[in-house]
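Raw start-v5.csv, CSV, C-alpha atoms:
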```csv
chain,number,residue,atom,x,y,z
T,1,GLN,CA,3.2,-15.5,27.1
T,2,VAL,CA,4.9,-13.4,24.3
T,3,THR,CA,8.2,-12.5,25.9
T,4,GLY,CA,11.9,-12.9,25.4
T,5,HIS,CA,14.1,-13.7,22.4
T,6,LEU,CA,13.0,-13.8,18.8
T,7,ASP,CA,14.2,-16.6,16.5
T,8,ASP,CA,16.7,-15.6,13.7
T,9,CYS,CA,17.3,-12.2,15.5
T,10,THR,CA,19.5,-10.8,18.2
T,11,CYS,CA,16.5,-8.9,19.5
T,12,ASP,CA,13.8,-9.6,22.1
T,13,VAL,CA,10.1,-8.6,22.6
T,14,GLU,CA,10.7,-6.2,25.5
T,15,THR,CA,13.3,-4.1,23.7
T,16,ILE,CA,10.9,-3.6,20.8
T,17,ASP,CA,8.0,-2.8,23.1
T,18,ALA,CA,9.9,-0.1,24.9
T,19,PHE,CA,11.3,1.4,21.8
T,20,ASN,CA,8.0,1.4,19.9
T,21,ASN,CA,5.6,2.5,22.6
T,22,TYR,CA,7.6,5.3,24.1
T,23,LYS,CA,9.7,6.6,21.2
T,24,LEU,CA,8.6,5.7,17.8
T,25,PHE,CA,4.9,5.2,17.6
T,26,PRO,CA,3.7,8.6,19.0
T,27,ARG,CA,5.8,10.4,16.3
T,28,LEU,CA,4.8,7.9,13.5
T,29,ASN,CA,1.1,8.4,14.4
T,30,GLU,CA,1.4,12.2,14.0
T,31,LEU,CA,3.0,11.7,10.6
T,32,LEU,CA,0.2,9.3,9.4
T,33,GLU,CA,-2.4,11.8,10.2
T,34,SER,CA,-0.9,14.4,7.9
T,35,ASP,CA,-2.4,15.0,4.4
T,36,TYR,CA,0.5,13.4,2.5
T,37,PHE,CA,0.1,10.1,4.3
T,38,ARG,CA,-3.7,9.9,4.8
T,39,TYR,CA,-4.6,9.9,1.1
T,40,TYR,CA,-3.9,6.6,-0.8
T,41,LYS,CA,-4.9,6.0,-4.4
T,42,VAL,CA,-6.2,2.5,-5.0
T,43,ASN,CA,-8.1,0.6,-7.6
T,44,LEU,CA,-10.6,-1.6,-5.7
T,45,LYS,CA,-12.4,-2.8,-8.9
T,46,LYS,CA,-9.6,-5.0,-10.3
T,47,PRO,CA,-11.0,-8.5,-11.0
T,48,CYS,CA,-9.6,-11.4,-9.1
T,49,PRO,CA,-7.0,-13.0,-11.4
T,50,PHE,CA,-7.2,-16.5,-9.8
T,51,TRP,CA,-10.8,-17.6,-9.6
T,52,ASP,CA,-14.2,-16.3,-10.7
T,53,ASP,CA,-15.4,-14.2,-7.9
T,54,SER,CA,-18.7,-12.3,-7.6
T,55,SER,CA,-19.1,-12.9,-3.9
T,56,HIS,CA,-18.6,-9.4,-2.7
T,57,CYS,CA,-19.5,-8.6,0.9
T,58,GLY,CA,-22.9,-6.9,0.9
T,59,MET,CA,-22.6,-5.4,4.4
T,60,ARG,CA,-22.4,-1.7,4.5
T,61,ASP,CA,-19.3,-1.8,6.8
T,62,CYS,CA,-17.4,-3.5,3.9
T,63,ALA,CA,-17.8,-0.4,1.7
T,64,VAL,CA,-15.0,2.1,1.2
T,65,GLN,CA,-15.9,5.8,0.8
T,66,PRO,CA,-13.7,7.4,-1.8
T,67,CYS,CA,-12.8,11.1,-1.6
T,68,PRO,CA,-14.4,13.7,-3.8
T,69,SER,CA,-11.4,14.9,-5.8
T,70,ASP,CA,-11.7,18.5,-4.5
T,71,GLU,CA,-10.9,17.2,-1.0
T,72,VAL,CA,-7.6,15.8,-2.1
T,73,PRO,CA,-4.8,18.4,-1.8
T,74,ASP,CA,-3.8,19.9,-5.2
T,75,GLY,CA,-0.2,18.9,-4.8
T,76,ILE,CA,-1.0,15.3,-4.3
T,77,ARG,CA,-3.3,15.2,-7.4
T,78,SER,CA,-0.7,17.0,-9.6
T,79,GLY,CA,1.9,14.4,-8.5
T,80,SER,CA,-0.1,11.7,-10.2
T,81,TYR,CA,-1.4,13.8,-13.0
T,82,LYS,CA,-2.8,11.9,-16.0
T,83,TYR,CA,-1.9,13.3,-19.3
T,84,SER,CA,-4.2,13.4,-22.3
T,85,GLU,CA,-3.8,11.0,-25.2
T,86,GLU,CA,-2.9,13.9,-27.5
T,87,ALA,CA,-0.1,15.0,-25.2
T,88,SER,CA,1.6,11.6,-25.4
T,89,ASN,CA,1.7,11.9,-29.2
T,90,LEU,CA,3.6,15.2,-29.0
T,91,ASP,CA,7.4,15.2,-29.1
T,92,GLU,CA,9.3,14.7,-25.8
T,93,GLU,CA,10.1,18.4,-25.2
T,94,CYS,CA,6.6,19.5,-25.6
T,95,GLU,CA,5.4,16.7,-23.3
T,96,GLU,CA,8.0,17.7,-20.7
T,97,ALA,CA,6.6,21.3,-20.8
T,98,LYS,CA,3.1,20.0,-20.4
T,99,ARG,CA,4.1,17.8,-17.5
T,100,LEU,CA,5.9,20.6,-15.8
T,101,GLY,CA,2.9,22.9,-16.4
T,102,ALA,CA,0.7,20.4,-14.5
T,103,VAL,CA,2.9,21.0,-11.5
T,104,ASP,CA,2.7,24.2,-9.4
T,105,ASP,CA,5.1,26.6,-11.0
T,106,SER,CA,6.0,28.2,-7.7
T,107,LEU,CA,8.2,25.1,-7.0
T,108,SER,CA,11.9,25.1,-7.5
T,109,LYS,CA,13.1,23.4,-10.7
T,110,GLU,CA,14.6,20.5,-8.7
T,111,THR,CA,11.3,19.8,-7.0
T,112,ARG,CA,9.3,19.9,-10.2
T,113,GLN,CA,11.8,17.4,-11.7
T,114,ALA,CA,11.3,15.2,-8.7
T,115,VAL,CA,7.5,15.3,-9.1
T,116,LEU,CA,7.9,14.3,-12.7
T,117,ARG,CA,10.1,11.4,-11.8
T,118,TRP,CA,7.4,10.0,-9.5
T,119,THR,CA,4.9,10.1,-12.3
T,120,ARG,CA,7.3,8.6,-14.8
T,121,HIS,CA,9.0,5.9,-12.8
T,122,ASP,CA,8.3,2.3,-13.6
T,123,ASP,CA,10.0,0.0,-11.2
T,124,SER,CA,8.4,-3.3,-12.4
T,125,SER,CA,11.7,-5.1,-12.5
T,126,ASP,CA,12.6,-4.5,-8.8
T,127,SER,CA,9.1,-4.5,-7.4
T,128,PHE,CA,7.8,-7.1,-5.1
T,129,CYS,CA,4.1,-6.1,-5.6
T,130,GLU,CA,1.6,-6.1,-8.5
T,131,ALA,CA,1.0,-2.3,-8.4
T,132,ASP,CA,-2.3,-0.7,-9.3
T,133,ASP,CA,-2.4,1.4,-12.4
T,134,ILE,CA,-3.1,4.7,-10.5
T,135,HIS,CA,-4.0,6.4,-13.8
T,136,SER,CA,-6.8,3.9,-14.4
T,137,PRO,CA,-10.3,5.6,-14.3
T,138,ASP,CA,-11.2,3.0,-11.6
T,139,ALA,CA,-8.4,4.2,-9.2
T,140,GLU,CA,-9.7,6.6,-6.6
T,141,TYR,CA,-8.2,8.4,-3.6
T,142,VAL,CA,-9.2,7.1,-0.2
T,143,ASP,CA,-8.9,8.9,3.1
T,144,LEU,CA,-7.4,6.2,5.3
T,145,LEU,CA,-8.4,8.0,8.5
T,146,LEU,CA,-12.0,7.9,7.4
T,147,ASN,CA,-11.9,4.2,6.4
T,148,PRO,CA,-10.1,2.6,9.4
T,149,GLU,CA,-9.1,-1.1,9.4
T,150,ARG,CA,-11.6,-2.9,11.6
T,151,TYR,CA,-14.0,-5.8,11.7
T,152,THR,CA,-16.7,-5.5,9.1
T,153,GLY,CA,-18.5,-8.9,9.4
T,154,TYR,CA,-16.5,-10.4,6.5
T,155,LYS,CA,-15.7,-14.0,7.5
T,156,GLY,CA,-16.5,-17.6,6.7
T,157,PRO,CA,-15.5,-19.5,3.6
T,158,ASP,CA,-14.7,-16.5,1.4
T,159,ALA,CA,-12.2,-15.0,3.9
T,160,TRP,CA,-10.8,-18.4,4.7
T,161,LYS,CA,-10.2,-19.1,1.0
T,162,ILE,CA,-8.0,-16.0,0.7
T,163,TRP,CA,-5.7,-16.9,3.6
T,164,ASN,CA,-5.7,-20.5,2.5
T,165,SER,CA,-4.5,-19.7,-1.0
T,166,ILE,CA,-1.8,-17.4,0.4
T,167,TYR,CA,-0.4,-20.1,2.7
T,168,GLU,CA,-1.0,-23.2,0.7
T,169,GLU,CA,0.0,-21.9,-2.8
T,170,ASN,CA,2.4,-19.1,-2.1
T,171,CYS,CA,4.3,-19.8,1.1
T,172,PHE,CA,7.5,-21.5,1.9
T,173,LYS,CA,6.3,-23.5,4.9
T,174,PRO,CA,8.5,-24.4,7.8
T,175,GLN,CA,8.4,-27.9,9.2
T,176,ASP,CA,6.1,-27.8,12.2
T,177,VAL,CA,3.5,-25.1,11.5
T,178,LYS,CA,-0.1,-26.1,11.8
T,179,ARG,CA,-2.6,-24.7,9.3
T,180,PRO,CA,-6.4,-24.6,9.5
T,181,LEU,CA,-8.0,-27.3,7.4
T,182,ALA,CA,-11.4,-25.9,7.1
T,183,SER,CA,-13.2,-22.7,7.6
T,184,GLY,CA,-15.4,-22.2,10.7
T,185,ARG,CA,-15.2,-20.8,14.2
T,186,GLY,CA,-12.9,-23.6,15.5
T,187,GLU,CA,-9.6,-24.3,13.8
T,188,SER,CA,-9.1,-27.9,12.8
T,189,LEU,CA,-5.4,-28.1,12.8
T,190,ILE,CA,-2.9,-30.5,11.2
T,191,TYR,CA,0.8,-30.8,11.3
T,192,LEU,CA,2.5,-30.3,7.9
T,193,PRO,CA,4.9,-33.0,6.9
T,194,LYS,CA,8.4,-32.2,8.4
T,195,TRP,CA,10.8,-30.7,6.0
T,196,VAL,CA,14.4,-31.7,6.6
T,197,ARG,CA,15.6,-28.1,6.7
T,198,VAL,CA,14.2,-24.7,5.7
T,199,CYS,CA,16.8,-22.1,4.9
T,200,VAL,CA,16.7,-18.8,6.7
T,201,GLU,CA,15.2,-16.9,3.7
T,202,LYS,CA,12.2,-19.2,3.3
T,203,ARG,CA,11.6,-19.3,7.0
T,204,ALA,CA,11.7,-15.5,7.1
T,205,PHE,CA,9.2,-15.3,4.1
T,206,TYR,CA,6.8,-17.5,5.9
T,207,ARG,CA,7.1,-15.5,9.2
T,208,LEU,CA,6.5,-12.2,7.3
T,209,ILE,CA,3.2,-13.5,5.9
T,210,SER,CA,2.2,-14.9,9.3
T,211,GLY,CA,3.1,-11.6,11.0
T,212,LEU,CA,1.0,-9.7,8.4
T,213,HIS,CA,-1.9,-12.1,9.1
T,214,ALA,CA,-1.5,-11.6,12.9
T,215,SER,CA,-1.4,-7.8,12.5
T,216,ILE,CA,-4.7,-7.8,10.5
T,217,ASN,CA,-6.4,-10.2,13.0
T,218,ILE,CA,-5.3,-8.0,16.0
T,219,HIS,CA,-6.9,-4.9,14.3
T,220,LEU,CA,-10.1,-6.8,13.7
T,221,SER,CA,-10.2,-8.0,17.3
T,222,ALA,CA,-9.3,-4.5,18.7
T,223,ARG,CA,-11.9,-2.7,16.6
T,224,TYR,CA,-14.7,-5.2,16.6
T,225,LEU,CA,-18.4,-4.4,15.9
T,226,LEU,CA,-19.7,-4.9,19.4
T,227,GLN,CA,-23.1,-3.3,18.9
T,228,ASP,CA,-25.1,-2.8,15.8
T,229,THR,CA,-28.6,-1.3,16.3
T,230,TRP,CA,-30.6,1.2,14.3
T,231,SER,CA,-29.6,4.0,16.6
T,232,GLU,CA,-25.8,3.4,16.9
T,233,LYS,CA,-22.8,1.2,16.1
T,234,LYS,CA,-20.1,0.6,18.6
T,235,TRP,CA,-16.7,-0.7,17.9
T,236,GLY,CA,-14.2,-1.9,20.6
T,237,PRO,CA,-11.9,-4.7,21.8
T,238,ASN,CA,-13.3,-8.2,21.6
T,239,VAL,CA,-11.2,-10.3,24.0
T,240,THR,CA,-12.8,-13.6,23.1
T,241,GLU,CA,-12.1,-13.1,19.4
T,242,PHE,CA,-8.5,-12.2,20.2
T,243,GLN,CA,-8.1,-15.3,22.4
T,244,GLN,CA,-9.5,-17.6,19.7
T,245,ARG,CA,-6.8,-16.5,17.4
T,246,PHE,CA,-3.8,-16.1,19.8
T,247,ASP,CA,-4.4,-17.9,23.1
T,248,GLU,CA,-1.8,-20.6,23.6
T,249,VAL,CA,-4.2,-23.3,24.7
T,250,LEU,CA,-7.0,-22.6,22.2
T,251,THR,CA,-4.5,-22.5,19.3
T,252,ARG,CA,-2.5,-25.5,20.6
T,253,GLY,CA,0.7,-23.4,21.1
T,254,GLU,CA,0.5,-21.6,17.7
T,255,GLY,CA,-0.9,-18.2,19.0
T,256,PRO,CA,2.2,-16.9,20.8
T,257,ARG,CA,4.3,-17.9,17.8
T,258,ARG,CA,2.0,-15.9,15.5
T,259,LEU,CA,2.4,-12.9,17.7
T,260,LYS,CA,6.2,-13.3,17.7
T,261,ASN,CA,6.0,-13.3,13.9
T,262,LEU,CA,4.4,-9.9,14.1
T,263,TYR,CA,7.5,-8.7,16.0
T,264,PHE,CA,9.6,-10.2,13.3
T,265,LEU,CA,7.7,-8.3,10.7
T,266,TYR,CA,8.1,-5.1,12.7
T,267,LEU,CA,11.9,-5.6,12.8
T,268,ILE,CA,12.1,-6.2,9.0
T,269,GLU,CA,10.1,-3.0,8.3
T,270,LEU,CA,12.1,-1.0,10.9
T,271,ARG,CA,15.3,-2.2,9.2
T,272,ALA,CA,14.0,-1.0,5.8
T,273,LEU,CA,13.3,2.5,7.3
T,274,SER,CA,16.8,2.7,8.7
T,275,LYS,CA,18.3,1.8,5.3
T,276,VAL,CA,16.2,4.2,3.2
T,277,LEU,CA,17.3,7.4,5.1
T,278,PRO,CA,19.6,8.7,2.3
T,279,PHE,CA,16.7,8.7,-0.2
T,280,PHE,CA,14.6,11.0,2.0
T,281,GLU,CA,17.5,13.1,3.3
T,282,ARG,CA,18.2,14.8,-0.1
T,283,PRO,CA,17.2,18.5,-0.2
T,284,GLY,CA,15.3,17.9,-3.4
T,285,PHE,CA,12.9,15.4,-1.8
T,286,GLN,CA,9.6,16.9,-0.6
T,287,LEU,CA,6.5,15.4,0.9
T,288,TYR,CA,4.6,17.6,-1.6
T,289,THR,CA,1.0,18.5,-0.9
T,290,GLY,CA,1.1,22.2,-1.9
T,291,ASN,CA,1.0,23.4,1.7
T,292,GLU,CA,4.6,24.6,2.0
T,293,SER,CA,4.9,25.1,5.8
T,294,GLN,CA,3.2,21.8,6.6
T,295,ASP,CA,5.3,20.0,4.0
T,296,ALA,CA,8.5,21.2,5.5
T,297,GLU,CA,7.3,20.3,9.0
T,298,MET,CA,6.3,16.8,7.9
T,299,LYS,CA,9.6,16.2,6.2
T,300,HIS,CA,11.4,17.2,9.4
T,301,LEU,CA,9.2,14.7,11.4
T,302,LEU,CA,9.8,12.0,8.8
T,303,LEU,CA,13.6,12.4,9.0
T,304,GLU,CA,13.3,12.4,12.8
T,305,ILE,CA,11.5,9.0,12.6
T,306,LEU,CA,14.1,7.6,10.2
T,307,HIS,CA,17.0,8.7,12.4
T,308,LEU,CA,15.2,7.1,15.3
T,309,ALA,CA,14.8,3.9,13.3
T,310,LYS,CA,18.5,4.0,12.6
T,311,SER,CA,19.4,4.4,16.2
T,312,PHE,CA,17.6,1.1,17.2
T,313,PRO,CA,20.3,-1.0,18.9
T,314,LEU,CA,19.3,-4.5,17.9
T,315,HIS,CA,18.5,-4.4,14.2
T,316,PHE,CA,17.7,-7.5,12.1
T,317,ASP,CA,20.8,-8.4,10.1
T,318,GLU,CA,19.6,-8.9,6.5
T,319,ASN,CA,23.1,-9.8,5.4
T,320,SER,CA,22.2,-13.4,6.3
T,321,PHE,CA,19.7,-13.3,3.4
T,322,PHE,CA,20.9,-14.6,0.1
T,323,ALA,CA,24.5,-14.7,1.3
T,324,GLY,CA,25.5,-18.1,-0.2
T,325,ASN,CA,26.4,-19.1,-3.7
T,326,LYS,CA,25.7,-16.1,-6.0
T,327,LYS,CA,23.8,-18.0,-8.6
T,328,GLU,CA,21.6,-19.8,-6.0
T,329,ALA,CA,21.1,-16.5,-4.2
T,330,ALA,CA,19.9,-14.7,-7.3
T,331,LYS,CA,17.5,-17.6,-8.1
T,332,LEU,CA,16.1,-17.6,-4.5
T,333,LYS,CA,15.7,-13.8,-4.5
T,334,GLU,CA,13.7,-14.0,-7.7
T,335,GLU,CA,11.6,-16.8,-6.3
T,336,PHE,CA,11.0,-14.6,-3.2
T,337,ARG,CA,9.9,-11.7,-5.4
T,338,LEU,CA,7.5,-13.7,-7.5
T,339,HIS,CA,5.9,-15.4,-4.5
T,340,PHE,CA,5.3,-12.1,-2.9
T,341,LYS,CA,4.0,-10.6,-6.2
T,342,ASN,CA,1.5,-13.4,-6.3
T,343,ILE,CA,0.3,-12.6,-2.8
T,344,SER,CA,-0.2,-9.0,-3.7
T,345,LYS,CA,-2.4,-10.2,-6.6
T,346,ILE,CA,-4.5,-12.3,-4.3
T,347,MET,CA,-5.6,-9.2,-2.5
T,348,ASP,CA,-7.7,-8.3,-5.5
T,349,CYS,CA,-9.8,-11.4,-4.6
T,350,VAL,CA,-10.8,-10.1,-1.2
T,351,GLY,CA,-14.6,-9.7,-1.2
T,352,CYS,CA,-14.8,-7.0,1.4
T,353,PHE,CA,-13.6,-3.7,0.0
T,354,LYS,CA,-12.4,-2.2,3.3
T,355,CYS,CA,-10.4,-5.4,3.9
T,356,ARG,CA,-9.2,-5.3,0.3
T,357,LEU,CA,-8.0,-1.7,0.8
T,358,TRP,CA,-6.0,-2.5,3.9
T,359,GLY,CA,-4.7,-5.8,2.5
T,360,LYS,CA,-3.4,-4.1,-0.6
T,361,LEU,CA,-1.9,-1.3,1.4
T,362,GLN,CA,-0.1,-3.5,3.8
T,363,THR,CA,1.2,-5.9,1.2
T,364,GLN,CA,2.5,-3.0,-0.9
T,365,GLY,CA,4.1,-1.6,2.3
T,366,LEU,CA,5.9,-4.9,3.0
T,367,GLY,CA,6.8,-5.3,-0.6
T,368,THR,CA,8.4,-1.8,-0.5
T,369,ALA,CA,10.3,-2.7,2.6
T,370,LEU,CA,11.7,-5.8,0.8
T,371,LYS,CA,12.6,-3.7,-2.2
T,372,ILE,CA,14.6,-1.3,0.0
T,373,LEU,CA,16.4,-4.1,1.8
T,374,PHE,CA,17.4,-5.7,-1.6
T,375,SER,CA,18.5,-2.3,-3.1
T,376,GLU,CA,21.0,-1.4,-0.4
T,377,ASN,CA,23.9,-0.9,-3.0
T,378,LEU,CA,21.7,1.4,-5.1
T,379,ILE,CA,20.7,3.5,-2.1
T,380,GLU,CA,24.3,3.9,-1.0
T,381,LYS,CA,25.1,5.4,-4.4
T,382,ILE,CA,22.2,8.0,-4.3
T,383,PRO,CA,23.8,11.5,-5.0
T,384,GLU,CA,23.1,14.1,-2.4
T,385,SER,CA,21.5,16.4,-4.9
T,386,GLY,CA,20.0,15.9,-8.3
T,387,PRO,CA,17.9,12.9,-9.5
T,388,SER,CA,18.1,9.4,-8.0
T,389,TYR,CA,17.8,7.2,-11.0
T,390,GLY,CA,19.2,4.0,-9.6
T,391,PHE,CA,16.7,3.7,-6.8
T,392,GLN,CA,13.3,5.3,-6.8
T,393,LEU,CA,10.1,5.2,-4.7
T,394,THR,CA,6.7,6.4,-5.9
T,395,ARG,CA,4.4,8.3,-3.7
T,396,GLN,CA,2.2,5.2,-3.5
T,397,GLU,CA,5.1,3.1,-2.2
T,398,ILE,CA,6.0,5.8,0.4
T,399,VAL,CA,2.4,6.1,1.7
T,400,ALA,CA,2.1,2.3,1.8
T,401,LEU,CA,5.5,1.8,3.5
T,402,PHE,CA,4.7,4.1,6.4
T,403,ASN,CA,1.1,3.2,6.9
T,404,ALA,CA,1.9,-0.6,6.8
T,405,PHE,CA,4.6,0.0,9.5
T,406,GLY,CA,2.0,2.1,11.4
T,407,ARG,CA,-0.3,-1.0,11.5
```
Could you render the structure from this file as structure tokens?
Amino acid sequence: QVTGHLDDCTCDVETIDAFNNYKLFPRLNELLESDYFRYYKVNLKKPCPFWDDSSHCGMRDCAVQPCPSDEVPDGIRSGSYKYSEEASNLDEECEEAKRLGAVDDSLSKETRQAVLRWTRHDDSSDSFCEADDIHSPDAEYVDLLLNPERYTGYKGPDAWKIWNSIYEENCFKPQDVKRPLASGRGESLIYLPKWVRVCVEKRAFYRLISGLHASINIHLSARYLLQDTWSEKKWGPNVTEFQQRFDEVLTRGEGPRRLKNLYFLYLIELRALSKVLPFFERPGFQLYTGNESQDAEMKHLLLEILHLAKSFPLHFDENSFFAGNKKEAAKLKEEFRLHFKNISKIMDCVGCFKCRLWGKLQTQGLGTALKILFSENLIEKIPESGPSYGFQLTRQEIVALFNAFGR
């Protein structure tokens, strides 16, 4: 049922399937299993900023197992090194020396400077996400391969409240989309009042959130807890669960549209990868873990993936975004950014920690993709060598961007 042309794009489902399944995904999967991309630093203890919430999921499958620090490669830890209070009181030069000293001195000067820029960079003004303070004592490294995204038993009113607040309070809704009215197994659906016209940007924003929702639901259906006995647990595909969320008849025509929104999300993130190539191509950029040969190999694979992304024949044309009156466009872009920032904050209200981990990672990944698409002029001006001050990505953003696209 999900075939053919995608709205607002020149692309179709079949072209994406062939490109992704045979060319891109096998390479991307290999990249995501490497040390640089499997460790994500996250603060899962931030309080919910929107409502009092003590209803944490008590099931053991909701828990996230953080890494003991000695398991995280030295290079990754030194990249987000936390400096002592005394150090910050010293003058700039001395602090610079201390910072450089925290980084492996076998590195070239240029690489050490790059590692420092990651730790220093504050991109709050162009960020689409409420970023975690990764220097907080509550922030811990998580091995994403050991904490996979799957169904944990977290459902019902709490889970429904999260998605409801994302859609009802934070989304530009198109005219004929039905939303669930109440939590429960069946979806009681209503038509929203018809809007006269929704501009392409607001329609796109809604579709990105819907695509993210679809992606998460597909993973929960594909890795569902099928058997839970004292002797063993078994995860696998739950077709019934998938059909309840996506079947055309059961969702009154909404399911296939949700799946098409996932393809739309894929196209947006693919476009961002094709645009960010100059940032990663610079000789000074390293996927630094401390293992020199593996780091070089992974950078080679990363560039191969980005060149492949660039070669895709039917890219989404983001020039249609914010193309009208400059003042209106700037206002709309800022509205877009603040809406998305709010959505990233709502992820701190998710009661299941494993769901919170993957929700935060995927919203940060999408936020990073949007940041790239809206920074095209800055990316084009990146010098081939030396620092890239105009446009910068932190390690957190890089890990989130590629893992979110991997989802």
Report summary line: Of T:Gly284, T:Gly290, T:Gly351, T:Pro383, the one sitting nearest T:Leu44 when using only C-alpha atoms is T:Gly351
Report task. Identify, on the basis of all atoms listed in the file, every residue whose closest approach to T:Arg60 does not exceed 10 Å; exclude the query and any residue fewer than 3 positions from it along the same chain; express the result as a count of residues only. Result -> 6
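Atom pair atom CA of T:Cys48 / atom CA of T:Leu361 has a distance of 16.5 Å (rounded to one decimal).
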Report summary line: atom CA of T:Val399 to atom CA of T:Gly75 measures 14.6 Å
Determine, counting all atoms listed in the file, which protein, DNA and RNA residues have an atom within 8 Å of an atom of T:Met298; residues of the same chain fewer than 5 positions away are not included. Present the result as a PDB file with C-alpha atoms, in the frame of the given file.
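The result, written out as around.pdb:
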```
ATOM      1  CA  LEU T  31       3.000  11.700  10.600  1.00  0.00           C
ATOM      2  CA  SER T  34      -0.900  14.400   7.900  1.00  0.00           C
ATOM      3  CA  LEU T 287       6.500  15.400   0.900  1.00  0.00           C
TER       4      LEU T 287
END
```
Requested in this report: Write out as a list in words each polymer residue whose atoms come within 8 Å of T:Arg271, counting all atoms listed in the file; drop sequence neighbours fewer than 3 positions from it.
Outcome: Leu267, Ile268, Ser274, Lys275, Ala309, Lys310, His315, Phe316 and Leu373 of chain T
Query raised in the report: Which is closer to T:Leu306 than all the others in T:Gln392, T:Asp348, T:Lys23, T:Glu232, using only C-alpha atoms?
Result: T:Lys23
Report task. Find the residues around T:Pro278 up to 10 Å (all atoms listed in the file counted), leave out those fewer than 6 positions away in its own chain, and share them as a list in words. Result -> Leu303, Leu306, Ile379, Glu380, Lys381, Ile382, Pro383 and Glu384 of chain T
